[in-house]
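Raw contents of run_35.cif, mmCIF, C-alpha atoms:
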```
data_work
loop_
_atom_site.label_atom_id
_atom_site.label_comp_id
_atom_site.auth_asym_id
_atom_site.auth_seq_id
_atom_site.Cartn_x
_atom_site.Cartn_y
_atom_site.Cartn_z
CA MET A 12 165.38 48.62 161.33
CA GLY A 13 163.34 50.38 163.98
CA SER A 14 160.45 51.11 161.69
CA ASN A 15 157.08 50.87 163.27
CA ARG A 16 153.52 51.76 162.59
CA ARG A 17 153.80 55.27 164.07
CA GLN A 18 156.79 56.27 161.95
CA PHE A 19 155.26 54.81 158.84
CA LEU A 20 152.12 56.87 159.30
CA LYS A 21 154.16 60.04 159.86
CA ILE A 22 156.16 59.58 156.68
CA ALA A 23 153.08 58.67 154.68
CA GLY A 24 151.20 61.74 155.95
CA VAL A 25 153.99 64.18 155.16
CA THR A 26 154.46 62.71 151.69
CA THR A 27 150.75 63.00 150.93
CA LEU A 28 150.67 66.63 152.03
CA LEU A 29 153.71 67.46 149.89
CA GLY A 30 152.17 65.74 146.92
CA LEU A 31 148.84 67.48 147.31
CA GLY A 32 150.37 70.89 147.89
CA GLY A 33 152.71 70.50 144.95
CA GLY A 34 149.86 69.48 142.67
CA ILE A 35 147.68 72.42 143.60
CA THR A 36 150.40 75.05 143.20
CA LEU A 37 151.37 73.55 139.85
CA SER A 38 147.87 73.62 138.42
CA ALA A 39 147.21 77.13 139.74
CA SER A 40 150.31 78.60 138.16
CA ALA A 41 149.81 76.95 134.78
CA TYR A 42 147.59 79.44 132.96
CA GLN A 43 146.45 82.83 133.92
CA PRO A 44 143.96 84.50 131.60
CA GLU A 45 144.42 88.21 131.35
CA GLU A 46 141.41 89.80 132.94
CA GLU A 47 141.29 93.04 131.00
CA GLY A 48 142.54 91.36 127.86
CA THR A 49 139.32 91.54 125.86
CA ARG A 50 136.75 94.09 124.83
CA GLU A 51 133.79 94.60 122.53
CA LYS A 52 134.23 95.46 118.92
CA PRO A 53 133.50 99.16 118.33
CA THR A 54 131.45 98.40 115.23
CA ARG A 55 129.08 96.11 117.16
CA ARG A 56 125.39 96.88 116.57
CA ARG A 57 123.29 96.95 119.71
CA ALA A 58 119.60 96.54 120.31
CA GLY A 59 117.13 95.80 123.07
CA ARG A 60 115.50 93.10 121.00
CA TRP A 61 116.37 92.34 117.40
CA GLY A 62 113.42 91.56 115.17
CA MET A 63 112.49 91.15 111.54
CA VAL A 64 109.58 91.99 109.29
CA VAL A 65 108.98 89.83 106.21
CA ASP A 66 107.17 91.86 103.58
CA THR A 67 105.59 88.97 101.72
CA ARG A 68 104.40 91.30 98.97
CA LYS A 69 108.02 91.56 97.84
CA PHE A 70 108.50 87.80 97.60
CA GLN A 71 106.59 86.85 94.48
CA THR A 72 108.92 85.02 92.15
CA GLU A 73 111.25 82.08 92.70
CA GLU A 74 114.14 84.46 92.14
CA ASP A 75 113.09 86.64 95.09
CA PHE A 76 113.32 83.68 97.42
CA GLN A 77 116.47 82.14 95.97
CA ARG A 78 118.44 85.36 96.19
CA VAL A 79 117.78 85.61 99.92
CA ILE A 80 118.24 81.91 100.67
CA GLU A 81 121.49 81.73 98.75
CA ALA A 82 122.89 84.77 100.53
CA CYS A 83 122.21 83.11 103.87
CA HIS A 84 123.59 79.73 102.89
CA ARG A 85 126.77 81.18 101.44
CA THR A 86 127.42 83.36 104.48
CA ASN A 87 126.73 80.71 107.09
CA ASN A 88 128.08 77.63 105.28
CA VAL A 89 124.70 75.92 105.25
CA PRO A 90 124.87 72.54 103.48
CA GLU A 91 122.71 71.97 100.41
CA GLY A 92 121.67 68.94 98.43
CA GLU A 93 121.83 66.19 101.05
CA ALA A 94 120.92 62.69 100.01
CA LYS A 95 117.77 62.32 102.14
CA PRO A 96 115.15 64.93 103.00
CA ILE A 97 115.60 64.24 106.72
CA GLN A 98 119.16 65.51 106.39
CA GLU A 99 118.05 68.89 105.09
CA ILE A 100 119.48 71.76 107.12
CA LYS A 101 117.10 74.71 107.39
CA TRP A 102 118.21 78.23 108.22
CA ILE A 103 115.88 80.12 105.92
CA TRP A 104 113.41 78.33 103.69
CA LYS A 105 109.90 78.63 102.23
CA ASP A 106 106.56 76.90 102.53
CA HIS A 107 102.86 77.36 101.73
CA PHE A 108 100.44 79.45 103.78
CA GLU A 109 98.65 76.57 105.49
CA HIS A 110 101.97 75.25 106.83
CA VAL A 111 103.35 78.61 107.82
CA PHE A 112 100.20 79.82 109.56
CA PRO A 113 98.27 76.68 110.56
CA GLY A 114 94.75 77.49 111.78
CA LYS A 115 94.51 80.56 109.57
CA GLU A 116 93.82 78.73 106.31
CA ASN A 117 90.28 79.88 105.55
CA PRO A 118 88.42 78.52 102.54
CA PHE A 119 88.23 80.93 99.58
CA LEU A 120 91.58 82.46 100.56
CA ALA A 121 92.86 85.26 98.38
CA GLU A 122 94.63 83.77 95.39
CA ARG A 123 97.85 85.62 96.01
CA ILE A 124 98.09 84.11 99.48
CA GLU A 125 96.89 80.66 98.59
CA GLN A 126 99.33 80.21 95.75
CA ASN A 127 102.33 82.08 97.02
CA GLU A 128 105.01 80.77 99.34
CA PHE A 129 106.30 82.38 102.52
CA LEU A 130 109.80 82.81 103.89
CA LEU A 131 110.56 80.99 107.12
CA LEU A 132 113.39 81.31 109.60
CA CYS A 133 114.03 81.08 113.34
CA ASN A 134 111.62 83.41 115.11
CA HIS A 135 114.09 84.37 117.84
CA CYS A 136 111.23 84.16 120.32
CA LYS A 137 111.08 86.37 123.36
CA ASN A 138 110.10 83.28 125.32
CA PRO A 139 112.00 80.54 123.50
CA PRO A 140 111.05 76.95 124.38
CA CYS A 141 114.28 75.63 122.85
CA VAL A 142 116.29 77.57 125.44
CA ARG A 143 114.20 76.18 128.28
CA VAL A 144 114.79 72.58 127.31
CA CYS A 145 118.48 72.71 126.37
CA PRO A 146 120.31 70.67 129.03
CA THR A 147 123.74 72.16 128.35
CA GLN A 148 122.78 75.78 127.71
CA ALA A 149 124.23 75.43 124.24
CA THR A 150 121.20 77.44 123.17
CA TYR A 151 120.63 80.59 125.16
CA LYS A 152 119.08 84.01 124.86
CA ARG A 153 121.41 86.95 124.30
CA GLU A 154 120.74 90.31 125.87
CA ASP A 155 119.81 91.70 122.46
CA GLY A 156 117.12 89.06 121.92
CA ILE A 157 118.98 86.73 119.60
CA VAL A 158 118.45 83.07 120.41
CA GLN A 159 122.08 82.09 120.12
CA MET A 160 123.71 78.70 119.71
CA ASP A 161 127.10 77.74 121.06
CA PHE A 162 127.92 74.87 118.70
CA HIS A 163 130.87 73.93 120.90
CA ARG A 164 128.49 72.93 123.66
CA CYS A 165 125.73 71.17 121.72
CA ILE A 166 125.59 67.46 122.58
CA GLY A 167 122.99 66.68 119.92
CA CYS A 168 120.21 65.56 122.25
CA ARG A 169 117.61 67.26 120.01
CA TYR A 170 115.40 68.38 122.89
CA CYS A 171 115.36 71.84 121.27
CA MET A 172 114.01 70.37 118.06
CA ALA A 173 111.18 68.81 120.01
CA GLY A 174 110.66 72.09 121.86
CA CYS A 175 110.60 74.42 118.85
CA PRO A 176 107.05 74.70 117.49
CA TYR A 177 108.29 76.23 114.22
CA GLY A 178 110.61 73.49 112.93
CA SER A 179 113.41 76.03 112.82
CA ARG A 180 116.06 73.63 114.01
CA SER A 181 117.87 70.95 112.05
CA PHE A 182 120.07 68.10 113.15
CA ASN A 183 123.22 67.06 111.33
CA PHE A 184 122.69 63.37 110.78
CA CYS A 185 125.85 63.26 108.70
CA ASP A 186 128.95 65.39 108.34
CA PRO A 187 127.68 68.52 106.54
CA SER A 188 131.07 69.60 105.30
CA PRO A 189 131.02 67.80 101.92
CA TYR A 190 127.66 69.43 101.13
CA VAL A 191 128.96 72.98 101.51
CA GLU A 192 130.32 74.32 98.28
CA ASP A 193 132.81 77.19 98.39
CA LYS A 194 133.05 77.50 102.14
CA ASN A 195 133.03 80.97 103.60
CA PRO A 196 136.45 81.12 105.28
CA ASP A 197 135.19 83.57 107.90
CA PHE A 198 132.60 81.27 109.46
CA PRO A 199 132.74 77.66 110.65
CA VAL A 200 130.78 74.70 109.33
CA ARG A 201 129.09 72.37 111.79
CA MET A 202 129.85 68.75 112.54
CA ARG A 203 127.85 65.53 112.71
CA GLY A 204 125.64 65.30 115.79
CA VAL A 205 125.04 69.04 116.25
CA VAL A 206 121.80 70.99 115.91
CA GLU A 207 121.84 74.26 113.99
CA LYS A 208 119.57 77.14 113.05
CA CYS A 209 119.50 80.79 111.99
CA LEU A 210 121.46 83.07 114.33
CA PHE A 211 120.44 86.43 112.83
CA CYS A 212 124.02 86.64 111.49
CA TYR A 213 125.41 87.70 114.88
CA GLN A 214 128.89 87.67 113.36
CA ARG A 215 127.84 90.29 110.79
CA LEU A 216 126.17 92.45 113.46
CA GLU A 217 129.58 92.52 115.18
CA GLU A 218 130.95 94.19 112.08
CA GLY A 219 128.12 96.67 111.89
CA LYS A 220 126.41 94.93 108.97
CA GLN A 221 122.88 93.66 108.39
CA PRO A 222 122.12 89.94 108.33
CA ALA A 223 122.99 88.45 104.94
CA CYS A 224 119.36 87.72 104.00
CA VAL A 225 118.29 91.31 104.76
CA GLU A 226 121.09 92.70 102.65
CA ALA A 227 120.07 90.51 99.70
CA SER A 228 116.32 91.06 100.04
CA ASN A 229 115.96 94.43 98.25
CA GLY A 230 113.79 95.73 101.07
CA GLY A 231 111.68 92.61 101.42
CA LEU A 232 113.12 91.97 104.85
CA ILE A 233 113.33 94.71 107.45
CA PHE A 234 115.67 94.15 110.38
CA GLY A 235 115.89 96.33 113.45
CA ASP A 236 115.42 96.98 117.14
CA LEU A 237 111.87 96.18 118.31
CA ASP A 238 112.52 97.97 121.62
CA ASP A 239 113.34 101.29 119.98
CA PRO A 240 110.09 103.13 119.08
CA ASP A 241 111.95 105.32 116.58
CA SER A 242 113.53 102.48 114.64
CA HIS A 243 112.66 101.79 111.01
CA ILE A 244 111.23 98.39 111.85
CA ARG A 245 108.83 99.90 114.40
CA GLN A 246 107.74 102.45 111.84
CA VAL A 247 107.03 99.64 109.37
CA LEU A 248 105.08 97.77 112.06
CA ARG A 249 103.05 100.89 112.85
CA GLU A 250 102.09 101.43 109.24
CA ASN A 251 101.28 97.84 108.24
CA TYR A 252 99.07 95.09 109.55
CA THR A 253 101.33 92.17 110.49
CA ILE A 254 100.83 88.64 111.75
CA ARG A 255 103.17 86.24 113.52
CA ARG A 256 103.37 82.44 113.56
CA LYS A 257 101.49 80.48 116.23
CA VAL A 258 101.14 83.41 118.63
CA ASP A 259 98.73 81.47 120.86
CA LEU A 260 101.61 79.29 122.04
CA GLY A 261 103.02 82.24 123.97
CA THR A 262 106.52 82.09 122.53
CA GLU A 263 106.38 85.73 121.38
CA PRO A 264 108.10 85.46 117.98
CA SER A 265 110.24 88.39 116.84
CA VAL A 266 109.57 87.76 113.15
CA PHE A 267 106.52 89.57 111.72
CA TYR A 268 104.79 89.03 108.38
CA ILE A 269 103.07 91.64 106.25
CA VAL A 270 100.60 89.56 104.22
CA MET B 20 163.76 37.71 155.89
CA TYR B 21 162.26 34.51 154.54
CA ASP B 22 162.76 33.68 150.87
CA ALA B 23 165.10 36.66 150.40
CA GLY B 24 166.44 35.28 147.15
CA LYS B 25 163.06 34.93 145.51
CA ILE B 26 161.83 38.30 146.71
CA LEU B 27 164.93 40.17 145.54
CA THR B 28 164.88 38.47 142.15
CA GLY B 29 161.22 39.35 141.84
CA LEU B 30 161.91 42.95 142.77
CA VAL B 31 164.71 43.25 140.23
CA ILE B 32 162.48 41.86 137.48
CA PHE B 33 159.68 44.20 138.54
CA LEU B 34 161.95 47.26 138.46
CA LEU B 35 163.32 46.27 135.07
CA LEU B 36 159.80 46.01 133.69
CA LEU B 37 158.80 49.28 135.30
CA SER B 38 161.73 51.13 133.77
CA PHE B 39 161.26 49.48 130.38
CA PRO B 40 160.40 52.70 128.51
CA PHE B 41 163.54 54.39 129.82
CA TRP B 42 166.15 51.78 129.00
CA PHE B 43 164.41 50.66 125.82
CA SER B 44 164.70 54.11 124.28
CA LEU B 45 168.29 54.60 125.42
CA GLY B 46 170.48 55.35 122.47
CA GLN B 47 167.54 56.10 120.19
CA ALA B 48 166.98 59.52 118.77
CA SER B 49 165.35 61.79 121.29
CA TYR B 50 162.20 63.81 120.60
CA GLU B 51 162.80 66.76 118.37
CA THR B 52 160.46 69.70 118.10
CA PRO B 53 159.11 69.61 114.55
CA GLU B 54 160.19 72.29 112.11
CA LEU B 55 157.22 74.61 111.71
CA GLN B 56 156.47 76.82 108.78
CA LEU B 57 156.48 80.32 110.23
CA PRO B 58 154.55 83.17 108.69
CA ALA B 59 156.56 84.95 106.04
CA ASP B 60 155.26 88.44 106.55
CA SER B 61 155.13 88.86 110.30
CA GLN B 62 157.76 88.49 112.98
CA GLU B 63 155.84 87.79 116.14
CA CYS B 64 152.57 86.28 117.26
CA ILE B 65 150.02 88.12 119.38
CA GLU B 66 151.99 87.18 122.48
CA ASP B 67 155.58 86.00 122.68
CA THR B 68 156.39 82.65 121.15
CA GLU B 69 157.20 80.83 124.38
CA TRP B 70 153.91 81.92 125.96
CA MET B 71 151.95 80.96 122.87
CA ARG B 72 153.63 77.56 122.70
CA LYS B 73 152.64 76.87 126.28
CA ASN B 74 149.21 78.49 126.40
CA HIS B 75 147.63 78.63 122.94
CA MET B 76 145.15 75.88 123.76
CA GLU B 77 143.81 77.65 126.84
CA LEU B 78 143.82 80.94 124.98
CA LEU B 79 141.71 79.53 122.15
CA ASP B 80 139.39 77.88 124.65
CA ASP B 81 138.93 81.24 126.38
CA TRP B 82 138.39 82.99 123.07
CA ARG B 83 135.59 80.72 121.96
CA ASP B 84 133.66 81.28 125.18
CA ILE B 85 134.24 85.02 125.25
CA VAL B 86 133.32 85.54 121.60
CA VAL B 87 130.26 83.33 121.48
CA ARG B 88 128.86 83.74 124.95
CA GLU B 89 130.07 87.12 126.20
CA GLY B 90 129.89 89.02 122.95
CA GLU B 91 133.39 90.50 123.13
CA SER B 92 135.47 89.89 120.09
CA VAL B 93 138.61 92.00 120.42
CA TYR B 94 141.70 90.68 122.20
CA VAL B 95 144.07 93.22 123.71
CA THR B 96 147.59 91.81 123.91
CA SER B 97 149.98 92.46 126.78
CA GLU B 98 151.67 94.95 124.42
CA GLY B 99 148.37 96.77 123.94
CA ASP B 100 147.74 95.71 120.34
CA GLU B 101 144.27 94.61 119.32
CA PHE B 102 143.23 91.52 117.40
CA ASP B 103 139.94 89.88 116.47
CA MET B 104 139.48 86.77 118.55
CA SER B 105 139.03 84.39 115.64
CA LEU B 106 140.79 81.17 114.79
CA GLN B 107 139.85 81.39 111.14
CA LYS B 108 140.26 85.10 110.63
CA THR B 109 143.20 85.98 112.88
CA CYS B 110 145.33 82.88 113.54
CA MET B 111 145.06 81.39 110.08
CA ASP B 112 145.57 84.75 108.45
CA CYS B 113 149.27 84.53 109.34
CA HIS B 114 149.63 80.79 109.82
CA THR B 115 148.30 80.08 106.38
CA SER B 116 148.86 76.34 106.45
CA LYS B 117 147.22 74.07 108.97
CA GLU B 118 149.31 71.14 107.79
CA GLU B 119 152.63 72.92 108.04
CA PHE B 120 151.88 74.58 111.36
CA CYS B 121 149.15 73.07 113.55
CA ASP B 122 149.39 69.48 112.42
CA LYS B 123 153.16 69.18 112.66
CA CYS B 124 153.29 69.47 116.45
CA HIS B 125 149.91 67.92 117.10
CA ASN B 126 150.84 64.82 115.13
CA ALA B 127 154.25 64.56 116.77
CA ALA B 128 152.71 64.90 120.21
CA SER B 129 149.80 62.67 119.21
CA VAL B 130 147.13 65.11 120.21
CA ASP B 131 143.95 65.40 118.20
CA PRO B 132 142.12 68.67 118.83
CA TYR B 133 138.69 68.85 117.23
CA CYS B 134 138.89 72.47 116.06
CA TRP B 135 138.84 71.47 112.41
CA ASP B 136 135.74 69.31 112.65
CA CYS B 137 133.87 72.56 112.16
CA HIS B 138 136.30 75.39 111.55
CA VAL B 139 137.41 75.88 108.00
CA ALA B 140 141.13 75.53 107.44
CA PRO B 141 142.76 77.67 104.76
CA GLU B 142 142.89 75.80 101.51
CA GLU B 143 146.07 73.87 101.02
CA VAL B 144 146.71 75.17 97.55
CA ALA B 145 150.45 74.67 97.63
CA ASN B 146 150.20 70.94 98.34
CA GLY B 147 147.24 70.40 96.07
CA GLN B 148 145.32 69.14 99.10
CA GLN B 149 142.22 70.35 100.80
#
```

Whole structure given in structure tokens:
Amino acid sequence: MGSNRRQFLKIAGVTTLLGLGGGITLSASAYQPEEEGTREKPTRRRAGRWGMVVDTRKFQTEEDFQRVIEACHRTNNVPEGEAKPIQEIKWIWKDHFEHVFPGKENPFLAERIEQNEFLLLCNHCKNPPCVRVCPTQATYKREDGIVQMDFHRCIGCRYCMAGCPYGSRSFNFCDPSPYVEDKNPDFPVRMRGVVEKCLFCYQRLEEGKQPACVEASNGGLIFGDLDDPDSHIRQVLRENYTIRRKVDLGTEPSVFYIV
Amino acid sequence: MYDAGKILTGLVIFLLLLSFPFWFSLGQASYETPELQLPADSQECIEDTEWMRKNHMELLDDWRDIVVREGESVYVTSEGDEFDMSLQKTCMDCHTSKEEFCDKCHNAASVDPYCWDCHVAPEEVANGQQ
């Protein structure tokens, strides 16, 4: 056979080109997403910056707290009753004044404040440290101010938990699914190795509803657009003295407390 | 050619080994697409069946990004109909059984998507399973 180096190289080159070309055209023609195939839901509620006011005067009894917490946990499939405290998943919970507002615990504090508990949730900061540290952008800031989580992207590195000064984030050390009773079929659960937190019920805002906790609060929680000077929440803020958690850190929380 | 006999024998053995999967499965039953339980009360999916069979995985992957990250939650089909982009609320509303629909093909093709690590499958009441 008259095969030589030159011919061999020619054949090899042509074959490689064919192979490459074929591969590229194949992968390009496989799936074409339809560009105009999606749109926003007409019922979607919009805001410049969603915020919340917690009227602590309306959270006096255990029942007041439980009603709100249960509404959240049922809606968002938050696990309850884990074996160890470290496995507790917090979306909305309660604690005493000195833990909620450290540095503000004066001696001789008013009895009502000293003895009562306060509702806690993610502050949806304007300047969220958890977003800054997330290496995969699984946590990010939405245009309407919600600090959103894309659970699909979370790799469970827990940087955000170290970054959040409010302890609003919890890590799933074990599969949370068995600890969720009566799962809400409209919302997912999370899996082991994923961080989770309150998302201001973004899925309910899509449907034009209030977050579940607000709906269950009997007016104890006021939810609205902080950027709109005519909104109900801004009116409440104008008429009442409010405080926020750890303001000196510069995170600009969007959750206000009437004490 | 030196050692032609040895080389050719070696080549034949090599080719036989290489083609093992082909001649080994000769005469055995070929792959059959599993029988899926189709929704009782609707005739067609959001796009035509062939397209869905080929592209549902990319479609769902697109949906999850668009819904969570871009804030759009309505899918407009090529026919112009509108559906919520939701695995749990839209897909499983018609395909009421994960085991009789999703799992059948996925098991046969030995693929293991992790959708159901988090998403809640409709309760398998009929089979007494969950």

Could you please select, counting only C-alpha atoms, the residues of chain B within 6 Å of chain A and state them as JSON, numbers by chain? {"B": [91, 92, 93, 94, 95, 108, 136, 137, 138, 139]}

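Going from atom CA of A:Val266 to atom CA of A:Gly92 covers 26.8 Å.
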
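Separating atom CA of B:Met71 from atom CA of B:Val86 is a distance of 19.2 Å.
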
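Non-sequential neighbours of A:Leu130 (distance at most 9 Å, separation of 2 or more positions within a chain, only C-alpha atoms) are Val65, Thr67, Phe70, Phe76, Ile103, Trp104, Lys105, Asp106, Val111, Glu128 and Leu132 of chain A.
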
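Residue nearest B:Val87, chosen from A:Val142, A:Val158, A:Val25, A:Cys136 and counting only C-alpha atoms: A:Val158.
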
Contacts of A:Pro146 at 9 Å or less, counting all atoms listed in the file, minus same-chain residues fewer than 5 places along, as a ChimeraX atom specification? /A:166,168,170

For the point (124.6, 91.6, 114.0) in the file's frame, write as a PDB file with C-alpha atoms, in the coordinates of the input all residues with an atom no more than 12 Å away, counting only C-alpha atoms.
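Output contents, as saved in out.pdb:
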```pdb
ATOM      1  CA  LYS A  52     134.230  95.460 118.920  1.00  0.00           C
ATOM      2  CA  THR A  54     131.450  98.400 115.230  1.00  0.00           C
ATOM      3  CA  ARG A  55     129.080  96.110 117.160  1.00  0.00           C
ATOM      4  CA  ARG A  56     125.390  96.880 116.570  1.00  0.00           C
ATOM      5  CA  ARG A  57     123.290  96.950 119.710  1.00  0.00           C
ATOM      6  CA  ALA A  58     119.600  96.540 120.310  1.00  0.00           C
ATOM      7  CA  ARG A  60     115.500  93.100 121.000  1.00  0.00           C
ATOM      8  CA  TRP A  61     116.370  92.340 117.400  1.00  0.00           C
ATOM      9  CA  GLY A  62     113.420  91.560 115.170  1.00  0.00           C
ATOM     10  CA  ARG A 153     121.410  86.950 124.300  1.00  0.00           C
ATOM     11  CA  ASP A 155     119.810  91.700 122.460  1.00  0.00           C
ATOM     12  CA  GLY A 156     117.120  89.060 121.920  1.00  0.00           C
ATOM     13  CA  ILE A 157     118.980  86.730 119.600  1.00  0.00           C
ATOM     14  CA  GLN A 159     122.080  82.090 120.120  1.00  0.00           C
ATOM     15  CA  LEU A 210     121.460  83.070 114.330  1.00  0.00           C
ATOM     16  CA  PHE A 211     120.440  86.430 112.830  1.00  0.00           C
ATOM     17  CA  CYS A 212     124.020  86.640 111.490  1.00  0.00           C
ATOM     18  CA  TYR A 213     125.410  87.700 114.880  1.00  0.00           C
ATOM     19  CA  GLN A 214     128.890  87.670 113.360  1.00  0.00           C
ATOM     20  CA  ARG A 215     127.840  90.290 110.790  1.00  0.00           C
ATOM     21  CA  LEU A 216     126.170  92.450 113.460  1.00  0.00           C
ATOM     22  CA  GLU A 217     129.580  92.520 115.180  1.00  0.00           C
ATOM     23  CA  GLU A 218     130.950  94.190 112.080  1.00  0.00           C
ATOM     24  CA  GLY A 219     128.120  96.670 111.890  1.00  0.00           C
ATOM     25  CA  LYS A 220     126.410  94.930 108.970  1.00  0.00           C
ATOM     26  CA  GLN A 221     122.880  93.660 108.390  1.00  0.00           C
ATOM     27  CA  PRO A 222     122.120  89.940 108.330  1.00  0.00           C
ATOM     28  CA  ALA A 223     122.990  88.450 104.940  1.00  0.00           C
ATOM     29  CA  CYS A 224     119.360  87.720 104.000  1.00  0.00           C
ATOM     30  CA  VAL A 225     118.290  91.310 104.760  1.00  0.00           C
ATOM     31  CA  GLU A 226     121.090  92.700 102.650  1.00  0.00           C
ATOM     32  CA  PHE A 234     115.670  94.150 110.380  1.00  0.00           C
ATOM     33  CA  GLY A 235     115.890  96.330 113.450  1.00  0.00           C
ATOM     34  CA  ASP A 236     115.420  96.980 117.140  1.00  0.00           C
TER      35      ASP A 236
ATOM     36  CA  GLY B  90     129.890  89.020 122.950  1.00  0.00           C
TER      37      GLY B  90
END
```

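Taking atom CA of A:Cys145 and atom CA of A:Arg169 as endpoints, the distance between them is 8.4 Å.
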
For the PyMOL selection byres ((chain B and resi 50-60) around 8), applied here, can you spell out every residue it catches as an NGL selection string? :B and (48-49 or 61-62 or 113-116 or 119-120 or 123-124 or 127)

Test item: which residues lie within 6 Å of (105.8, 94.3, 106.2) counting only C-alpha atoms, as JSON, numbers by chain: {"A": [64, 65, 66, 268, 269]}

Using the chain letters and numbers from the file, which residues does the PyMOL selection byres ((chain A and resi 177) around 8) grab, as a PyMOL selection string? chain A and resi 133-134+175-176+178-179+256

Dump stretch 74-86 of chain B with N, CA and C atoms to a file, as a compact mmCIF listing (two decimals), in the first residue's frame.
```txt
# COMPACT_ATOMS: atom_id res chain seq x y z
N ASN B 74 -37.78 16.70 25.16
CA ASN B 74 -37.26 17.94 25.75
C ASN B 74 -37.72 18.26 27.17
N HIS B 75 -38.49 17.37 27.81
CA HIS B 75 -39.07 17.77 29.10
C HIS B 75 -38.01 18.14 30.13
N MET B 76 -36.85 17.47 30.04
CA MET B 76 -35.83 17.76 31.06
C MET B 76 -35.28 19.17 30.90
N GLU B 77 -35.03 19.57 29.66
CA GLU B 77 -34.53 20.94 29.44
C GLU B 77 -35.63 21.96 29.76
N LEU B 78 -36.86 21.60 29.43
CA LEU B 78 -37.96 22.51 29.72
C LEU B 78 -38.07 22.77 31.21
N LEU B 79 -38.02 21.69 32.01
CA LEU B 79 -38.13 21.85 33.46
C LEU B 79 -36.94 22.62 34.02
N ASP B 80 -35.77 22.39 33.44
CA ASP B 80 -34.58 23.10 33.88
C ASP B 80 -34.72 24.60 33.61
N ASP B 81 -35.26 24.91 32.42
CA ASP B 81 -35.53 26.32 32.09
C ASP B 81 -36.55 26.91 33.05
N TRP B 82 -37.60 26.16 33.30
CA TRP B 82 -38.69 26.65 34.15
C TRP B 82 -38.17 27.05 35.52
N ARG B 83 -37.33 26.19 36.10
CA ARG B 83 -36.92 26.46 37.48
C ARG B 83 -36.10 27.74 37.55
N ASP B 84 -35.28 27.99 36.52
CA ASP B 84 -34.51 29.23 36.51
C ASP B 84 -35.42 30.43 36.29
N ILE B 85 -36.34 30.30 35.34
CA ILE B 85 -37.18 31.45 34.99
C ILE B 85 -38.09 31.80 36.17
N VAL B 86 -38.67 30.79 36.81
CA VAL B 86 -39.60 31.06 37.90
C VAL B 86 -38.87 31.65 39.11
```
